[in-house]
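Visitor: Dropping in my_file_36.tsv, which is TSV, C-alpha atoms and all ligand atoms:
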chain	number	residue	atom	x	y	z
Z	1	MET	CA	11.03	-13.76	-8.24
Z	2	LYS	CA	11.24	-10.98	-10.79
Z	3	ILE	CA	7.79	-9.40	-10.92
Z	4	GLY	CA	6.46	-6.87	-13.43
Z	5	ILE	CA	3.68	-4.70	-11.99
Z	6	ILE	CA	1.47	-2.81	-14.43
Z	7	CYS	CA	-0.66	-0.11	-12.82
Z	8	TYR	CA	-1.94	3.43	-12.93
Z	9	PRO	CA	0.52	5.77	-11.24
Z	10	THR	CA	-2.23	7.92	-9.79
Z	11	TYR	CA	-3.36	8.89	-6.29
Z	12	GLY	CA	-6.40	6.56	-6.54
Z	13	GLY	CA	-6.97	3.10	-5.09
Z	14	SER	CA	-5.66	0.58	-7.62
Z	15	GLY	CA	-2.39	2.47	-8.14
Z	16	VAL	CA	-1.87	2.77	-4.40
Z	17	VAL	CA	-2.54	-0.95	-3.83
Z	18	ALA	CA	-0.19	-1.93	-6.67
Z	19	THR	CA	2.57	0.36	-5.42
Z	20	GLU	CA	2.28	-0.71	-1.78
Z	21	LEU	CA	2.26	-4.35	-2.86
Z	22	GLY	CA	5.39	-3.86	-4.98
Z	23	LYS	CA	7.13	-2.09	-2.10
Z	24	CYS	CA	6.28	-4.93	0.27
Z	25	LEU	CA	7.30	-7.65	-2.20
Z	26	ALA	CA	10.65	-5.94	-2.66
Z	27	SER	CA	11.51	-4.74	0.83
Z	28	GLN	CA	9.92	-7.44	3.00
Z	29	LEU	CA	10.07	-10.51	0.79
Z	30	GLY	CA	13.21	-9.78	-1.23
Z	31	HIS	CA	11.70	-9.95	-4.73
Z	32	GLU	CA	12.80	-7.77	-7.63
Z	33	VAL	CA	9.90	-5.56	-8.68
Z	34	HIS	CA	9.59	-3.72	-12.00
Z	35	PHE	CA	6.83	-1.11	-12.24
Z	36	ILE	CA	5.66	-0.52	-15.80
Z	37	THR	CA	3.52	2.60	-16.10
Z	38	TYR	CA	3.36	6.01	-17.79
Z	39	ASP	CA	4.48	8.01	-14.75
Z	40	GLN	CA	6.25	7.63	-11.44
Z	41	PRO	CA	3.73	5.94	-9.09
Z	42	THR	CA	2.56	8.44	-6.43
Z	43	ARG	CA	3.80	6.45	-3.46
Z	44	LEU	CA	7.10	5.43	-5.09
Z	45	ASP	CA	9.18	8.41	-4.06
Z	46	PHE	CA	12.27	6.76	-2.57
Z	47	PHE	CA	15.16	4.47	-3.54
Z	48	ASP	CA	15.05	0.71	-3.02
Z	49	GLU	CA	17.65	-1.52	-4.61
Z	50	ASN	CA	14.99	-4.09	-5.55
Z	51	ILE	CA	12.57	-1.66	-7.19
Z	52	TYR	CA	12.69	-0.41	-10.78
Z	53	TYR	CA	10.38	1.91	-12.67
Z	54	HIS	CA	10.04	1.62	-16.47
Z	55	LYS	CA	8.26	4.53	-18.07
Z	56	VAL	CA	5.90	3.86	-20.96
Z	57	ASP	CA	6.72	6.34	-23.68
Z	58	ILE	CA	3.66	7.26	-25.71
Z	59	LYS	CA	4.37	8.52	-29.23
Z	60	THR	CA	2.01	11.02	-30.75
Z	61	TYR	CA	1.51	11.62	-34.45
Z	62	PRO	CA	-0.91	14.04	-36.18
Z	63	LEU	CA	-2.88	11.08	-37.53
Z	64	PHE	CA	-3.63	9.83	-34.05
Z	65	LYS	CA	-6.67	11.45	-32.52
Z	66	TYR	CA	-6.10	9.05	-29.59
Z	67	PRO	CA	-2.45	8.13	-28.84
Z	68	PRO	CA	-2.11	4.30	-28.80
Z	69	TYR	CA	-1.30	3.89	-25.10
Z	70	GLU	CA	-2.21	0.22	-24.93
Z	71	LEU	CA	0.21	-0.64	-27.75
Z	72	ALA	CA	3.03	1.38	-26.20
Z	73	LEU	CA	2.36	-0.35	-22.87
Z	74	THR	CA	2.34	-3.78	-24.51
Z	75	SER	CA	5.64	-3.09	-26.27
Z	76	LYS	CA	7.17	-1.88	-23.00
Z	77	MET	CA	5.99	-5.04	-21.21
Z	78	VAL	CA	7.59	-7.20	-23.91
Z	79	GLU	CA	10.84	-5.23	-23.71
Z	80	VAL	CA	11.04	-5.31	-19.90
Z	81	ALA	CA	9.96	-8.96	-19.61
Z	82	GLU	CA	12.65	-9.98	-22.06
Z	83	SER	CA	15.52	-7.78	-20.89
Z	84	GLU	CA	14.88	-8.22	-17.15
Z	85	GLN	CA	13.88	-11.89	-17.49
Z	86	LEU	CA	10.67	-11.41	-15.55
Z	87	ASP	CA	8.95	-14.43	-14.03
Z	88	VAL	CA	5.44	-12.98	-13.97
Z	89	LEU	CA	3.41	-9.96	-15.11
Z	90	HIS	CA	0.83	-8.61	-12.67
Z	91	ALA	CA	-1.80	-6.32	-14.21
Z	92	HIS	CA	-3.65	-4.07	-11.73
Z	93	TYR	CA	-6.99	-2.81	-13.09
Z	94	ALA	CA	-8.18	-4.73	-16.13
Z	95	ILE	CA	-8.43	-1.79	-18.53
Z	96	PRO	CA	-6.26	-1.76	-20.56
Z	97	HIS	CA	-3.67	-3.59	-18.50
Z	98	ALA	CA	-5.10	-7.11	-18.76
Z	99	SER	CA	-5.55	-7.04	-22.53
Z	100	ALA	CA	-2.11	-5.44	-22.97
Z	101	ALA	CA	-0.63	-8.21	-20.82
Z	102	TYR	CA	-2.46	-10.83	-22.91
Z	103	THR	CA	-0.93	-9.46	-26.13
Z	104	ALA	CA	2.51	-9.18	-24.50
Z	105	LYS	CA	2.23	-12.83	-23.44
Z	106	LYS	CA	1.44	-13.86	-27.01
Z	107	ILE	CA	4.36	-11.86	-28.44
Z	108	LEU	CA	6.74	-13.30	-25.85
Z	109	ALA	CA	5.49	-16.83	-26.62
Z	110	LYS	CA	6.53	-16.31	-30.26
Z	111	LYS	CA	10.02	-15.56	-28.94
Z	112	GLY	CA	9.96	-18.77	-26.92
Z	113	ILE	CA	9.40	-16.99	-23.61
Z	114	ASN	CA	6.66	-18.24	-21.30
Z	115	MET	CA	5.11	-15.34	-19.40
Z	116	PRO	CA	2.44	-15.99	-16.75
Z	117	VAL	CA	-0.10	-13.18	-16.33
Z	118	VAL	CA	-1.97	-12.31	-13.14
Z	119	THR	CA	-4.84	-9.81	-13.27
Z	120	THR	CA	-6.21	-8.06	-10.21
Z	121	LEU	CA	-9.67	-6.53	-10.55
Z	122	HIS	CA	-10.14	-3.36	-8.53
Z	123	GLY	CA	-13.73	-2.26	-9.04
Z	124	THR	CA	-14.64	0.26	-11.67
Z	125	ASP	CA	-12.71	-1.82	-14.23
Z	126	VAL	CA	-15.68	-4.18	-13.90
Z	127	THR	CA	-18.57	-2.35	-12.25
Z	128	LEU	CA	-18.51	0.93	-14.15
Z	129	VAL	CA	-16.20	1.10	-17.15
Z	130	GLY	CA	-15.58	-2.57	-17.83
Z	131	LYS	CA	-19.17	-3.70	-18.18
Z	132	ASP	CA	-19.91	-0.99	-20.74
Z	133	ASP	CA	-20.61	-2.46	-24.20
Z	134	SER	CA	-17.78	-0.41	-25.67
Z	135	LEU	CA	-15.20	-2.39	-23.67
Z	136	GLY	CA	-16.99	-5.42	-22.21
Z	137	PRO	CA	-16.00	-8.13	-24.70
Z	138	VAL	CA	-12.28	-7.28	-24.48
Z	139	VAL	CA	-12.35	-6.95	-20.71
Z	140	ALA	CA	-14.13	-10.30	-20.27
Z	141	PHE	CA	-11.79	-12.02	-22.74
Z	142	SER	CA	-8.60	-10.72	-21.14
Z	143	ILE	CA	-9.79	-11.59	-17.62
Z	144	ASP	CA	-10.61	-15.13	-18.75
Z	145	GLU	CA	-7.25	-15.50	-20.52
Z	146	SER	CA	-5.18	-14.46	-17.47
Z	147	ASP	CA	-3.38	-17.34	-15.77
Z	148	CYS	CA	-4.69	-16.21	-12.38
Z	149	VAL	CA	-7.30	-13.60	-11.50
Z	150	THR	CA	-7.82	-11.95	-8.14
Z	151	SER	CA	-10.40	-9.47	-6.90
Z	152	VAL	CA	-10.09	-7.17	-3.92
Z	153	SER	CA	-13.36	-8.26	-2.28
Z	154	GLU	CA	-15.94	-11.01	-2.26
Z	155	SER	CA	-18.52	-8.54	-3.53
Z	156	LEU	CA	-16.41	-7.63	-6.58
Z	157	ARG	CA	-15.84	-11.32	-7.30
Z	158	GLU	CA	-19.61	-11.91	-7.33
Z	159	GLU	CA	-20.30	-8.84	-9.44
Z	160	THR	CA	-17.68	-9.90	-11.98
Z	161	TYR	CA	-19.39	-13.24	-12.43
Z	162	GLN	CA	-22.74	-11.45	-12.76
Z	163	TYR	CA	-21.54	-9.12	-15.49
Z	164	PHE	CA	-19.32	-11.47	-17.49
Z	165	ASP	CA	-19.69	-15.03	-18.65
Z	166	LEU	CA	-16.36	-16.30	-17.32
Z	167	THR	CA	-14.85	-19.74	-16.89
Z	168	THR	CA	-11.88	-18.63	-14.80
Z	169	ASP	CA	-11.68	-18.96	-11.04
Z	170	ILE	CA	-11.40	-15.62	-9.24
Z	171	LYS	CA	-9.55	-15.65	-5.93
Z	172	VAL	CA	-10.24	-12.93	-3.38
Z	173	VAL	CA	-7.14	-11.23	-2.02
Z	174	PRO	CA	-8.38	-8.31	0.05
Z	175	ASN	CA	-6.71	-4.93	0.05
Z	176	PHE	CA	-4.34	-4.18	2.88
Z	177	VAL	CA	-2.77	-1.40	4.87
Z	178	ASP	CA	0.75	-0.65	6.03
Z	179	LEU	CA	0.18	-0.40	9.78
Z	180	ASN	CA	3.58	1.20	10.36
Z	181	ARG	CA	2.62	4.14	8.22
Z	182	PHE	CA	-1.13	4.27	8.86
Z	183	THR	CA	-1.19	4.58	12.61
Z	184	LYS	CA	-2.39	7.34	14.89
Z	185	HIS	CA	0.37	9.97	14.81
Z	186	LYS	CA	0.68	12.49	17.59
Z	187	LYS	CA	-0.50	15.61	15.79
Z	188	ASP	CA	-2.40	17.45	18.52
Z	189	HIS	CA	-1.23	20.79	17.13
Z	190	PHE	CA	-3.08	20.03	13.85
Z	191	LYS	CA	-6.25	19.33	15.80
Z	192	LYS	CA	-5.86	22.56	17.78
Z	193	ALA	CA	-5.40	24.55	14.58
Z	194	ILE	CA	-8.40	23.01	12.82
Z	195	CYS	CA	-10.73	22.67	15.80
Z	196	PRO	CA	-9.67	25.43	18.23
Z	197	GLU	CA	-12.85	25.09	20.31
Z	198	GLY	CA	-12.60	21.31	20.63
Z	199	GLU	CA	-15.05	20.71	17.77
Z	200	LYS	CA	-15.45	17.19	16.36
Z	201	LEU	CA	-13.57	16.64	13.11
Z	202	LEU	CA	-15.14	14.83	10.14
Z	203	ILE	CA	-13.10	13.91	7.08
Z	204	HIS	CA	-13.74	12.77	3.52
Z	205	VAL	CA	-10.90	11.53	1.30
Z	206	SER	CA	-11.48	10.65	-2.34
Z	207	ASN	CA	-10.61	11.34	-5.94
Z	208	MET	CA	-13.80	13.44	-6.09
Z	209	ARG	CA	-15.36	11.61	-8.97
Z	210	GLU	CA	-19.15	11.39	-9.23
Z	211	VAL	CA	-19.14	7.78	-8.01
Z	212	LYS	CA	-17.85	8.96	-4.59
Z	213	ARG	CA	-20.98	11.08	-3.95
Z	214	ALA	CA	-18.87	13.67	-2.14
Z	215	ASP	CA	-21.96	15.92	-2.22
Z	216	ASP	CA	-23.45	13.58	0.33
Z	217	ALA	CA	-20.47	14.16	2.63
Z	218	LEU	CA	-21.31	17.89	2.54
Z	219	GLU	CA	-24.99	17.18	3.19
Z	220	ILE	CA	-24.20	14.87	6.13
Z	221	PHE	CA	-21.87	17.47	7.57
Z	222	LYS	CA	-24.52	20.20	7.28
Z	223	ARG	CA	-26.95	18.09	9.29
Z	224	VAL	CA	-24.38	17.11	11.93
Z	225	ARG	CA	-23.29	20.75	12.31
Z	226	GLU	CA	-26.88	21.71	13.10
Z	227	LYS	CA	-26.60	19.56	16.25
Z	228	ILE	CA	-22.96	19.73	17.42
Z	229	PRO	CA	-19.94	21.98	16.83
Z	230	CYS	CA	-17.82	20.34	14.15
Z	231	LYS	CA	-15.51	20.84	11.16
Z	232	LEU	CA	-15.09	18.98	7.89
Z	233	LEU	CA	-11.93	18.34	5.90
Z	234	MET	CA	-12.27	17.42	2.22
Z	235	VAL	CA	-9.06	15.73	1.06
Z	236	GLY	CA	-8.19	14.81	-2.53
Z	237	ASP	CA	-8.89	16.31	-5.89
Z	238	GLY	CA	-10.90	15.43	-8.95
Z	239	PRO	CA	-13.46	16.52	-11.51
Z	240	GLU	CA	-16.14	17.35	-8.92
Z	241	ARG	CA	-14.02	19.50	-6.65
Z	242	ALA	CA	-14.89	22.97	-8.02
Z	243	ARG	CA	-18.61	22.16	-7.92
Z	244	LEU	CA	-18.30	20.87	-4.36
Z	245	GLU	CA	-16.61	24.06	-3.24
Z	246	GLU	CA	-19.51	26.01	-4.78
Z	247	LYS	CA	-21.94	23.79	-2.95
Z	248	CYS	CA	-20.43	24.73	0.41
Z	249	TYR	CA	-21.38	28.33	-0.33
Z	250	GLU	CA	-24.91	27.24	-1.18
Z	251	LEU	CA	-25.14	25.21	2.04
Z	252	ARG	CA	-23.58	28.10	3.99
Z	253	THR	CA	-21.07	25.75	5.60
Z	254	CYS	CA	-17.85	27.00	4.01
Z	255	ASN	CA	-16.57	28.58	7.24
Z	256	ASP	CA	-16.33	25.10	8.70
Z	257	VAL	CA	-15.24	23.14	5.62
Z	258	ARG	CA	-11.69	23.09	4.28
Z	259	PHE	CA	-10.60	21.61	0.96
Z	260	LEU	CA	-7.01	20.45	1.33
Z	261	GLY	CA	-6.35	18.91	-2.10
Z	262	LYS	CA	-4.09	15.88	-2.45
Z	263	LEU	CA	-1.97	15.18	0.61
Z	264	ALA	CA	1.14	13.03	0.38
Z	265	GLU	CA	1.00	12.21	4.10
Z	266	VAL	CA	-2.72	11.72	4.51
Z	267	GLU	CA	-2.15	9.60	7.65
Z	268	GLU	CA	-1.12	12.74	9.57
Z	269	ILE	CA	-4.45	14.40	9.04
Z	270	LEU	CA	-6.38	11.14	9.51
Z	271	SER	CA	-4.72	10.93	12.91
Z	272	VAL	CA	-6.69	13.91	14.19
Z	273	ALA	CA	-10.05	13.03	12.65
Z	274	ASP	CA	-13.02	11.68	14.64
Z	275	LEU	CA	-15.11	10.30	11.80
Z	276	PHE	CA	-14.53	9.26	8.17
Z	277	LEU	CA	-17.32	9.75	5.61
Z	278	MET	CA	-17.60	7.36	2.63
Z	279	PRO	CA	-21.04	7.81	1.02
Z	280	SER	CA	-19.97	6.18	-2.30
Z	281	GLU	CA	-22.37	4.99	-4.98
Z	282	LYS	CA	-20.04	2.09	-5.75
Z	283	GLU	CA	-17.00	0.85	-3.88
Z	284	SER	CA	-15.44	-2.54	-4.44
Z	285	PHE	CA	-13.50	-2.33	-1.18
Z	286	GLY	CA	-12.99	1.18	0.21
Z	287	LEU	CA	-9.26	1.44	0.78
Z	288	ALA	CA	-9.52	5.03	2.00
Z	289	ALA	CA	-11.84	3.87	4.80
Z	290	LEU	CA	-9.41	1.11	5.80
Z	291	GLU	CA	-6.54	3.60	5.99
Z	292	ALA	CA	-8.70	5.83	8.19
Z	293	MET	CA	-9.59	2.91	10.44
Z	294	ALA	CA	-5.90	2.07	10.89
Z	295	CYS	CA	-5.56	5.62	12.28
Z	296	GLU	CA	-8.40	4.83	14.72
Z	297	VAL	CA	-11.10	6.68	12.81
Z	298	PRO	CA	-14.57	5.06	12.64
Z	299	VAL	CA	-16.54	5.19	9.41
Z	300	VAL	CA	-19.99	6.35	8.35
Z	301	SER	CA	-20.55	4.91	4.91
Z	302	SER	CA	-22.98	3.63	2.38
Z	303	ASN	CA	-23.45	-0.13	2.16
Z	304	ALA	CA	-22.33	-0.28	-1.48
Z	305	GLY	CA	-20.29	-3.16	-2.94
Z	306	GLY	CA	-17.50	-4.42	-0.70
Z	307	ILE	CA	-17.78	-1.73	2.00
Z	308	PRO	CA	-19.56	-4.12	4.43
Z	309	GLU	CA	-16.49	-6.39	4.22
Z	310	VAL	CA	-14.43	-3.54	5.71
Z	311	ASN	CA	-16.78	-1.39	7.81
Z	312	ILE	CA	-18.63	-3.59	10.28
Z	313	GLU	CA	-22.10	-2.27	11.12
Z	314	GLY	CA	-22.35	-1.02	14.70
Z	315	VAL	CA	-18.76	-2.06	15.44
Z	316	THR	CA	-16.27	-0.03	13.39
Z	317	GLY	CA	-18.87	2.41	12.09
Z	318	MET	CA	-22.34	2.42	10.61
Z	319	MET	CA	-23.83	2.00	7.14
Z	320	SER	CA	-26.88	3.32	5.28
Z	321	ASN	CA	-28.35	2.90	1.83
Z	322	VAL	CA	-26.66	4.93	-0.90
Z	323	GLY	CA	-27.96	8.52	-0.81
Z	324	ASP	CA	-29.67	8.30	2.58
Z	325	VAL	CA	-27.86	11.32	4.03
Z	326	LYS	CA	-30.42	11.72	6.78
Z	327	ASP	CA	-29.62	8.28	8.16
Z	328	MET	CA	-25.90	8.83	7.69
Z	329	ALA	CA	-26.10	12.08	9.69
Z	330	LYS	CA	-28.03	10.28	12.43
Z	331	ASN	CA	-25.36	7.57	12.51
Z	332	ALA	CA	-22.58	10.18	12.57
Z	333	LEU	CA	-24.13	11.86	15.62
Z	334	TYR	CA	-24.47	8.51	17.36
Z	335	ILE	CA	-20.81	7.59	16.79
Z	336	LEU	CA	-19.54	11.07	17.68
Z	337	ASP	CA	-21.30	10.93	21.05
Z	338	ASP	CA	-18.56	10.87	23.72
Z	339	GLU	CA	-20.19	7.77	25.22
Z	340	ASN	CA	-19.69	5.82	21.97
Z	341	LEU	CA	-16.68	7.30	20.19
Z	342	PRO	CA	-13.86	5.58	22.16
Z	343	ARG	CA	-15.40	2.12	21.52
Z	344	PHE	CA	-15.80	2.77	17.79
Z	345	LYS	CA	-12.23	4.07	17.52
Z	346	GLU	CA	-10.82	1.02	19.27
Z	347	ASN	CA	-12.86	-1.35	17.08
Z	348	ALA	CA	-11.82	0.47	13.91
Z	349	LEU	CA	-8.17	-0.14	14.73
Z	350	LYS	CA	-8.78	-3.82	15.57
Z	351	GLN	CA	-10.57	-4.34	12.25
Z	352	ALA	CA	-7.79	-2.59	10.30
Z	353	GLN	CA	-5.25	-4.92	11.89
Z	354	ARG	CA	-6.97	-7.83	10.10
Z	355	PHE	CA	-5.82	-6.28	6.80
Z	356	ASN	CA	-2.14	-6.02	7.73
Z	357	ILE	CA	0.01	-5.82	4.59
Z	358	VAL	CA	2.53	-8.20	6.17
Z	359	GLU	CA	-0.10	-10.95	6.14
Z	360	ILE	CA	-1.79	-10.19	2.82
Z	361	CYS	CA	1.31	-9.62	0.68
Z	362	PRO	CA	2.43	-13.30	0.85
Z	363	GLN	CA	-1.00	-14.27	-0.56
Z	364	TYR	CA	0.04	-12.59	-3.81
Z	365	GLU	CA	3.33	-14.49	-3.70
Z	366	GLU	CA	1.25	-17.70	-3.67
Z	367	VAL	CA	-0.84	-16.45	-6.60
Z	368	TYR	CA	2.35	-15.82	-8.62
Z	369	LYS	CA	3.59	-19.33	-7.86
Z	370	GLU	CA	0.26	-20.74	-8.99
Z	371	ALA	CA	0.33	-18.70	-12.22
Z	372	ILE	CA	3.85	-19.87	-12.97
Z	373	LYS	CA	2.84	-23.48	-12.37
Z	374	LYS	CA	-0.25	-23.13	-14.57
Z	375	SER	CA	1.26	-21.41	-17.57
Y	401	LIG	O1	-12.37	4.52	-6.43
Y	401	LIG	C1	-11.80	4.93	-7.43
Y	401	LIG	O2	-12.31	5.73	-8.19
Y	401	LIG	C2	-10.41	4.48	-7.72
Y	401	LIG	C3	-10.40	3.03	-8.00
Y	401	LIG	C4	-9.11	2.64	-8.67
Y	401	LIG	O3	-9.10	1.62	-9.29
Y	401	LIG	O4	-8.11	3.35	-8.62
Y	401	LIG	O5	-10.63	2.38	-6.75
Y	401	LIG	C5	-11.07	1.04	-6.78
Y	401	LIG	O6	-9.97	0.27	-6.30
Y	401	LIG	C6	-9.63	0.46	-4.92
Y	401	LIG	C7	-8.40	-0.39	-4.62
Y	401	LIG	O7	-8.63	-1.73	-4.87
Y	401	LIG	C8	-10.82	0.10	-4.05
Y	401	LIG	O8	-10.49	0.28	-2.69
Y	401	LIG	C9	-12.00	1.01	-4.42
Y	401	LIG	O9	-13.12	0.62	-3.66
Y	401	LIG	C10	-12.31	0.86	-5.90
Y	401	LIG	N1	-13.30	1.88	-6.28
Y	401	LIG	C11	-14.53	1.55	-6.70
Y	401	LIG	O10	-14.93	0.41	-6.78
Y	401	LIG	C12	-15.40	2.70	-7.05
Starting from the coordinates I provided, produce the structure as structure tokens.
Guide:
Amino acid sequence: MKIGIICYPTYGGSGVVATELGKCLASQLGHEVHFITYDQPTRLDFFDENIYYHKVDIKTYPLFKYPPYELALTSKMVEVAESEQLDVLHAHYAIPHASAAYTAKKILAKKGINMPVVTTLHGTDVTLVGKDDSLGPVVAFSIDESDCVTSVSESLREETYQYFDLTTDIKVVPNFVDLNRFTKHKKDHFKKAICPEGEKLLIHVSNMREVKRADDALEIFKRVREKIPCKLLMVGDGPERARLEEKCYELRTCNDVRFLGKLAEVEEILSVADLFLMPSEKESFGLAALEAMACEVPVVSSNAGGIPEVNIEGVTGMMSNVGDVKDMAKNALYILDDENLPRFKENALKQAQRFNIVEICPQYEEVYKEAIKKS
């Protein structure tokens, strides 16, 4: 198949899932994959004969207070679909990709080209941004008009039906992890450098937006540090980062907290961590937690959204209500106890193996076939 993938090229979840899926479809399953986006996707930094990247060129003009990205994207989809003779367009994250794909489909139909559209819902495109009145009607319409719709968790599927009055069937295709890349790497020298006295190492990885409640990670760490020697790594970057760094000074923990920014090879640092913190307000799936688990790191998290589908209570980690940092700290101390840690680590890996990309990727292949048949 020739597959067009429309996604955000950023470090965050939906872009990562779209890129890893495209890589797998091309390298493992022999499809031709065309990424259509405004920048080189973060994890697409190599050559593969079956992978193409088409950059959306956004024109500015003094009249435009807001450059018309959606129109430029739609035009690029039409151009690529026609010139590369695509079989299917796969929009990752509904806004504005699903509505752009809908318009592209209509334009292509006028040219006598049938173009099936698959939309994958990732989370905030429904639960935060999508349900807002300013976008809701278009988001609901374009989801309903897609030939096939998938969501990354059961919880997101349910929430989507709660928020929108839809007639379409949403199929759950869970997120996945590349177990060849996300595996425990031998990086003992990292651990020695970060935790010279054998301290326990906690880690938080996110795009540091408000919804991640990274403050809570700092609060949990403060409480854990009162009981056992430990260090915290804060990985990623985002609008909250400067404030979070300030907060470490307020909490008087900055000697033991390091902000590392965005890391291209996050699996290397995950490999030396003992516990992953995901206190999110909302989380449709929690890909960052899954990647940590694949590196044998158990998870202390909130029980928001789809997290319970990934982090199994008392098995791969523990969960608390959103904002209950006291309970999360208690759970962290329980897991970090040398009596318990090896069991949690082992279980985390076993659970991650259930989300092996090699098994999940063909599920998307089936969705494409269904969309082609339907349209
Ligand atoms: O979490 C974010 O802010 C990024 C966002 C995205 O779309 O890039 O992540 C969402 O999609 C990920 C991949 O499907 C999921 O693992 C995340 O749970 C989801 N985030 C939220 O629902 C807040």
Visitor: One decimal, Å: what's the distance from CA of Lys373 in chain Z over to CA of Ala109 in chain Z, could you say?
Guide: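 For CA of Lys373 in chain Z relative to CA of Ala109 in chain Z, the distance reads 15.9 Å.
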Visitor: For ligand LIG 401 (chain Y), return the neighbouring residues as a ChimeraX atom specification (distance at most 10 Å; all atoms listed in the file).
Guide: /Z:7-18,92-95,120-128,151-153,156,174-176,206-212,238,280-290,304-307
Visitor: Only C-alpha atoms, please: the residues just picked out, written as an mmCIF file, in the frame of the given file.
Guide:
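Contents of the output file part18.cif:
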data_model
loop_
_atom_site.group_PDB
_atom_site.id
_atom_site.type_symbol
_atom_site.label_atom_id
_atom_site.label_comp_id
_atom_site.auth_asym_id
_atom_site.auth_seq_id
_atom_site.Cartn_x
_atom_site.Cartn_y
_atom_site.Cartn_z
ATOM 1 C CA CYS Z 7 -0.660 -0.110 -12.820
ATOM 2 C CA TYR Z 8 -1.940 3.430 -12.930
ATOM 3 C CA PRO Z 9 0.520 5.770 -11.240
ATOM 4 C CA THR Z 10 -2.230 7.920 -9.790
ATOM 5 C CA TYR Z 11 -3.360 8.890 -6.290
ATOM 6 C CA GLY Z 12 -6.400 6.560 -6.540
ATOM 7 C CA GLY Z 13 -6.970 3.100 -5.090
ATOM 8 C CA SER Z 14 -5.660 0.580 -7.620
ATOM 9 C CA GLY Z 15 -2.390 2.470 -8.140
ATOM 10 C CA VAL Z 16 -1.870 2.770 -4.400
ATOM 11 C CA VAL Z 17 -2.540 -0.950 -3.830
ATOM 12 C CA ALA Z 18 -0.190 -1.930 -6.670
ATOM 13 C CA HIS Z 92 -3.650 -4.070 -11.730
ATOM 14 C CA TYR Z 93 -6.990 -2.810 -13.090
ATOM 15 C CA ALA Z 94 -8.180 -4.730 -16.130
ATOM 16 C CA ILE Z 95 -8.430 -1.790 -18.530
ATOM 17 C CA THR Z 120 -6.210 -8.060 -10.210
ATOM 18 C CA LEU Z 121 -9.670 -6.530 -10.550
ATOM 19 C CA HIS Z 122 -10.140 -3.360 -8.530
ATOM 20 C CA GLY Z 123 -13.730 -2.260 -9.040
ATOM 21 C CA THR Z 124 -14.640 0.260 -11.670
ATOM 22 C CA ASP Z 125 -12.710 -1.820 -14.230
ATOM 23 C CA VAL Z 126 -15.680 -4.180 -13.900
ATOM 24 C CA THR Z 127 -18.570 -2.350 -12.250
ATOM 25 C CA LEU Z 128 -18.510 0.930 -14.150
ATOM 26 C CA SER Z 151 -10.400 -9.470 -6.900
ATOM 27 C CA VAL Z 152 -10.090 -7.170 -3.920
ATOM 28 C CA SER Z 153 -13.360 -8.260 -2.280
ATOM 29 C CA LEU Z 156 -16.410 -7.630 -6.580
ATOM 30 C CA PRO Z 174 -8.380 -8.310 0.050
ATOM 31 C CA ASN Z 175 -6.710 -4.930 0.050
ATOM 32 C CA PHE Z 176 -4.340 -4.180 2.880
ATOM 33 C CA SER Z 206 -11.480 10.650 -2.340
ATOM 34 C CA ASN Z 207 -10.610 11.340 -5.940
ATOM 35 C CA MET Z 208 -13.800 13.440 -6.090
ATOM 36 C CA ARG Z 209 -15.360 11.610 -8.970
ATOM 37 C CA GLU Z 210 -19.150 11.390 -9.230
ATOM 38 C CA VAL Z 211 -19.140 7.780 -8.010
ATOM 39 C CA LYS Z 212 -17.850 8.960 -4.590
ATOM 40 C CA GLY Z 238 -10.900 15.430 -8.950
ATOM 41 C CA SER Z 280 -19.970 6.180 -2.300
ATOM 42 C CA GLU Z 281 -22.370 4.990 -4.980
ATOM 43 C CA LYS Z 282 -20.040 2.090 -5.750
ATOM 44 C CA GLU Z 283 -17.000 0.850 -3.880
ATOM 45 C CA SER Z 284 -15.440 -2.540 -4.440
ATOM 46 C CA PHE Z 285 -13.500 -2.330 -1.180
ATOM 47 C CA GLY Z 286 -12.990 1.180 0.210
ATOM 48 C CA LEU Z 287 -9.260 1.440 0.780
ATOM 49 C CA ALA Z 288 -9.520 5.030 2.000
ATOM 50 C CA ALA Z 289 -11.840 3.870 4.800
ATOM 51 C CA LEU Z 290 -9.410 1.110 5.800
ATOM 52 C CA ALA Z 304 -22.330 -0.280 -1.480
ATOM 53 C CA GLY Z 305 -20.290 -3.160 -2.940
ATOM 54 C CA GLY Z 306 -17.500 -4.420 -0.700
ATOM 55 C CA ILE Z 307 -17.780 -1.730 2.000
#
Visitor: Set out as CSV a contact list for range 259-357 of chain Z and range 41-56 of chain Z with a cut-off of 12 Å, giving each residue of range 259-357 of chain Z that qualifies its closest atom pair and distance in Å to one decimal, counting all atoms listed in the file, ordered by chain and rising residue number.
Guide:
residue,atom,partner,partner_atom,distance
Z:Lys262,CA,Z:Thr42,CA,10.7
Z:Leu263,CA,Z:Thr42,CA,10.7
Z:Ala264,CA,Z:Arg43,CA,8.1
Z:Glu265,CA,Z:Arg43,CA,9.9
Z:Val266,CA,Z:Arg43,CA,11.6
Visitor: Generate the output file for the selected residues, C-alpha atoms, as an mmCIF file, in the coordinates of the input.
Guide:
data_model
loop_
_atom_site.group_PDB
_atom_site.id
_atom_site.type_symbol
_atom_site.label_atom_id
_atom_site.label_comp_id
_atom_site.auth_asym_id
_atom_site.auth_seq_id
_atom_site.Cartn_x
_atom_site.Cartn_y
_atom_site.Cartn_z
ATOM 1 C CA LYS Z 262 -4.090 15.880 -2.450
ATOM 2 C CA LEU Z 263 -1.970 15.180 0.610
ATOM 3 C CA ALA Z 264 1.140 13.030 0.380
ATOM 4 C CA GLU Z 265 1.000 12.210 4.100
ATOM 5 C CA VAL Z 266 -2.720 11.720 4.510
#
